[in-house]
Amino acid sequence: MADRSLLLVDDDALLLDSLVRILRVRFLVRTATSPIRALEMLRASPREFFAIVTDVRMPEMDGPTFLERASRIAPHARTILM
């Protein structure tokens, strides 16, 4: 269901949980608390997500760097920087 699947990436697990509760009504939502893990998820299923939403500041990698790398793996996916 790539037309309804979102990937949310943020190091704040509580924020991710809140977003999932809101968005799961309309979308299939997967999350990652690490941009490194999110890139692994994208490599495993590059066409799974129609959109990738990420935080600006995370310990392992900042949001713009993550989205640049994610776009190389899944160029069709829309990207949103929070």
# chains A, B, ... in the order shown; residues from 1 in each chain; ligands from 1
>>> select_by_dssp(residues="chain A", states="helix (DSSP H, G or I)", output="JSON, numbers by chain")
{"A": [13, 14, 15, 16, 17, 18, 19, 20, 21, 22, 23, 35, 36, 37, 38, 39, 40, 41, 42, 43, 44, 63, 64, 65, 66, 67, 68, 69, 70, 71, 72, 73]}
>>> write_last_selection(atoms="N, CA and C atoms", output="mmCIF file, in the first residue's frame")
data_model
loop_
_atom_site.group_PDB
_atom_site.id
_atom_site.type_symbol
_atom_site.label_atom_id
_atom_site.label_comp_id
_atom_site.auth_asym_id
_atom_site.auth_seq_id
_atom_site.Cartn_x
_atom_site.Cartn_y
_atom_site.Cartn_z
ATOM 1 N N ALA A 13 10.446 9.210 20.965
ATOM 2 C CA ALA A 13 9.474 8.118 20.828
ATOM 3 C C ALA A 13 8.066 8.548 21.231
ATOM 4 N N LEU A 14 7.946 9.424 22.223
ATOM 5 C CA LEU A 14 6.614 9.885 22.645
ATOM 6 C C LEU A 14 5.942 10.705 21.549
ATOM 7 N N LEU A 15 6.698 11.533 20.876
ATOM 8 C CA LEU A 15 6.144 12.302 19.758
ATOM 9 C C LEU A 15 5.698 11.361 18.642
ATOM 10 N N LEU A 16 6.524 10.371 18.330
ATOM 11 C CA LEU A 16 6.148 9.400 17.296
ATOM 12 C C LEU A 16 4.847 8.697 17.660
ATOM 13 N N ASP A 17 4.717 8.288 18.913
ATOM 14 C CA ASP A 17 3.487 7.625 19.346
ATOM 15 C C ASP A 17 2.273 8.524 19.145
ATOM 16 N N SER A 18 2.421 9.802 19.473
ATOM 17 C CA SER A 18 1.313 10.757 19.287
ATOM 18 C C SER A 18 0.946 10.894 17.820
ATOM 19 N N LEU A 19 1.956 11.020 16.970
ATOM 20 C CA LEU A 19 1.697 11.152 15.536
ATOM 21 C C LEU A 19 1.036 9.905 14.969
ATOM 22 N N VAL A 20 1.472 8.750 15.417
ATOM 23 C CA VAL A 20 0.868 7.493 14.946
ATOM 24 C C VAL A 20 -0.611 7.447 15.313
ATOM 25 N N ARG A 21 -0.950 7.817 16.541
ATOM 26 C CA ARG A 21 -2.361 7.807 16.964
ATOM 27 C C ARG A 21 -3.210 8.709 16.068
ATOM 28 N N ILE A 22 -2.665 9.831 15.672
ATOM 29 C CA ILE A 22 -3.409 10.774 14.829
ATOM 30 C C ILE A 22 -3.504 10.274 13.390
ATOM 31 N N LEU A 23 -2.393 9.801 12.850
ATOM 32 C CA LEU A 23 -2.310 9.488 11.422
ATOM 33 C C LEU A 23 -2.798 8.094 11.042
ATOM 34 N N PRO A 35 17.599 7.745 12.369
ATOM 35 C CA PRO A 35 17.689 7.902 10.916
ATOM 36 C C PRO A 35 18.458 6.759 10.245
ATOM 37 N N ILE A 36 19.406 6.193 10.962
ATOM 38 C CA ILE A 36 20.160 5.048 10.427
ATOM 39 C C ILE A 36 19.208 3.874 10.213
ATOM 40 N N ARG A 37 18.373 3.597 11.206
ATOM 41 C CA ARG A 37 17.384 2.514 11.092
ATOM 42 C C ARG A 37 16.390 2.813 9.975
ATOM 43 N N ALA A 38 15.976 4.062 9.850
ATOM 44 C CA ALA A 38 15.031 4.437 8.801
ATOM 45 C C ALA A 38 15.628 4.199 7.419
ATOM 46 N N LEU A 39 16.904 4.501 7.245
ATOM 47 C CA LEU A 39 17.559 4.241 5.950
ATOM 48 C C LEU A 39 17.599 2.745 5.658
ATOM 49 N N GLU A 40 17.821 1.939 6.691
ATOM 50 C CA GLU A 40 17.793 0.479 6.513
ATOM 51 C C GLU A 40 16.403 0.024 6.067
ATOM 52 N N MET A 41 15.370 0.602 6.674
ATOM 53 C CA MET A 41 13.993 0.254 6.307
ATOM 54 C C MET A 41 13.726 0.635 4.852
ATOM 55 N N LEU A 42 14.202 1.790 4.446
ATOM 56 C CA LEU A 42 14.008 2.233 3.059
ATOM 57 C C LEU A 42 14.754 1.330 2.078
ATOM 58 N N ARG A 43 15.964 0.949 2.435
ATOM 59 C CA ARG A 43 16.736 0.056 1.546
ATOM 60 C C ARG A 43 16.029 -1.289 1.389
ATOM 61 N N ALA A 44 15.420 -1.764 2.459
ATOM 62 C CA ALA A 44 14.730 -3.058 2.420
ATOM 63 C C ALA A 44 13.463 -3.003 1.560
ATOM 64 N N GLY A 63 18.052 16.169 10.079
ATOM 65 C CA GLY A 63 16.952 15.877 9.172
ATOM 66 C C GLY A 63 17.270 16.114 7.705
ATOM 67 N N PRO A 64 17.858 17.282 7.348
ATOM 68 C CA PRO A 64 18.169 17.503 5.932
ATOM 69 C C PRO A 64 19.122 16.458 5.346
ATOM 70 N N THR A 65 20.118 16.050 6.126
ATOM 71 C CA THR A 65 21.054 15.017 5.648
ATOM 72 C C THR A 65 20.321 13.693 5.468
ATOM 73 N N PHE A 66 19.478 13.344 6.448
ATOM 74 C CA PHE A 66 18.697 12.110 6.332
ATOM 75 C C PHE A 66 17.823 12.133 5.080
ATOM 76 N N LEU A 67 17.104 13.240 4.857
ATOM 77 C CA LEU A 67 16.206 13.302 3.702
ATOM 78 C C LEU A 67 16.970 13.257 2.381
ATOM 79 N N GLU A 68 18.147 13.828 2.343
ATOM 80 C CA GLU A 68 18.966 13.750 1.130
ATOM 81 C C GLU A 68 19.306 12.284 0.828
ATOM 82 N N ARG A 69 19.721 11.560 1.851
ATOM 83 C CA ARG A 69 20.053 10.137 1.667
ATOM 84 C C ARG A 69 18.808 9.312 1.352
ATOM 85 N N ALA A 70 17.715 9.612 2.034
ATOM 86 C CA ALA A 70 16.464 8.885 1.794
ATOM 87 C C ALA A 70 15.977 9.106 0.369
ATOM 88 N N SER A 71 16.131 10.314 -0.144
ATOM 89 C CA SER A 71 15.691 10.625 -1.513
ATOM 90 C C SER A 71 16.473 9.854 -2.563
ATOM 91 N N ARG A 72 17.697 9.531 -2.260
ATOM 92 C CA ARG A 72 18.488 8.705 -3.192
ATOM 93 C C ARG A 72 17.951 7.270 -3.249
ATOM 94 N N ILE A 73 17.452 6.787 -2.119
ATOM 95 C CA ILE A 73 16.933 5.419 -2.045
ATOM 96 C C ILE A 73 15.507 5.357 -2.584
#
>>> select_by_dssp(residues="range 20-66 of chain A", states="strand (DSSP E or B)", output="mmCIF file with N, CA and C atoms, in the first residue's frame")
data_model
loop_
_atom_site.group_PDB
_atom_site.id
_atom_site.type_symbol
_atom_site.label_atom_id
_atom_site.label_comp_id
_atom_site.auth_asym_id
_atom_site.auth_seq_id
_atom_site.Cartn_x
_atom_site.Cartn_y
_atom_site.Cartn_z
ATOM 1 N N LEU A 28 -1.180 4.014 6.720
ATOM 2 C CA LEU A 28 -0.370 2.962 7.320
ATOM 3 C C LEU A 28 0.922 3.655 7.753
ATOM 4 N N VAL A 29 1.239 3.581 9.029
ATOM 5 C CA VAL A 29 2.359 4.349 9.564
ATOM 6 C C VAL A 29 3.412 3.417 10.131
ATOM 7 N N ARG A 30 4.659 3.645 9.725
ATOM 8 C CA ARG A 30 5.804 2.951 10.319
ATOM 9 C C ARG A 30 6.709 4.016 10.889
ATOM 10 N N THR A 31 7.433 3.677 11.930
ATOM 11 C CA THR A 31 8.276 4.667 12.595
ATOM 12 C C THR A 31 9.690 4.145 12.798
ATOM 13 N N ALA A 32 10.583 5.104 12.992
ATOM 14 C CA ALA A 32 11.963 4.790 13.362
ATOM 15 C C ALA A 32 12.446 5.902 14.280
ATOM 16 N N ALA A 51 5.467 8.880 1.557
ATOM 17 C CA ALA A 51 5.989 10.082 2.198
ATOM 18 C C ALA A 51 6.879 9.710 3.377
ATOM 19 N N ILE A 52 7.888 10.553 3.590
ATOM 20 C CA ILE A 52 8.816 10.397 4.696
ATOM 21 C C ILE A 52 8.807 11.710 5.470
ATOM 22 N N VAL A 53 8.533 11.614 6.771
ATOM 23 C CA VAL A 53 8.468 12.795 7.633
ATOM 24 C C VAL A 53 9.546 12.644 8.694
ATOM 25 N N THR A 54 10.367 13.691 8.876
ATOM 26 C CA THR A 54 11.448 13.595 9.841
ATOM 27 C C THR A 54 11.632 14.886 10.628
#
>>> residues_around(residues="Thr33 in chain A", least_positions_apart="5", cutoff="7 Å", atoms="only C-alpha atoms", output="list in words")
Val9, Asp10, Asp11, Asp12 and Ala13 of chain A
>>> write_last_selection(atoms="N, CA, C and O atoms", output="PDB file, in the first residue's frame")
ATOM      1  N   VAL A   9      10.169   9.621  11.223  1.00  0.00           N
ATOM      2  CA  VAL A   9      11.492   9.450  11.832  1.00  0.00           C
ATOM      3  C   VAL A   9      11.728  10.580  12.825  1.00  0.00           C
ATOM      4  O   VAL A   9      11.715  11.759  12.451  1.00  0.00           O
ATOM      5  N   ASP A  10      11.925  10.202  14.077  1.00  0.00           N
ATOM      6  CA  ASP A  10      12.197  11.187  15.129  1.00  0.00           C
ATOM      7  C   ASP A  10      12.809  10.445  16.310  1.00  0.00           C
ATOM      8  O   ASP A  10      12.403   9.317  16.600  1.00  0.00           O
ATOM      9  N   ASP A  11      13.766  11.059  16.985  1.00  0.00           N
ATOM     10  CA  ASP A  11      14.381  10.410  18.139  1.00  0.00           C
ATOM     11  C   ASP A  11      13.491  10.473  19.386  1.00  0.00           C
ATOM     12  O   ASP A  11      13.765   9.820  20.372  1.00  0.00           O
ATOM     13  N   ASP A  12      12.410  11.218  19.321  1.00  0.00           N
ATOM     14  CA  ASP A  12      11.468  11.342  20.431  1.00  0.00           C
ATOM     15  C   ASP A  12      10.341  10.315  20.253  1.00  0.00           C
ATOM     16  O   ASP A  12       9.387  10.538  19.499  1.00  0.00           O
ATOM     17  N   ALA A  13      10.446   9.210  20.965  1.00  0.00           N
ATOM     18  CA  ALA A  13       9.474   8.118  20.828  1.00  0.00           C
ATOM     19  C   ALA A  13       8.066   8.548  21.231  1.00  0.00           C
ATOM     20  O   ALA A  13       7.082   8.099  20.638  1.00  0.00           O
TER      21      ALA A  13
END
>>> atom_distance(atom1="CA of Glu60 in chain A", atom2="CA of Ile80 in chain A")
18.4 Å
>>> closest_residue(among="A:Asp3, A:Met82, A:Phe27, A:Ser34", to="Met58 in chain A", atoms="only C-alpha atoms")
A:Ser34
>>> atom_distance(atom1="CA of Arg26 in chain A", atom2="CA of Arg4 in chain A")
7.7 Å
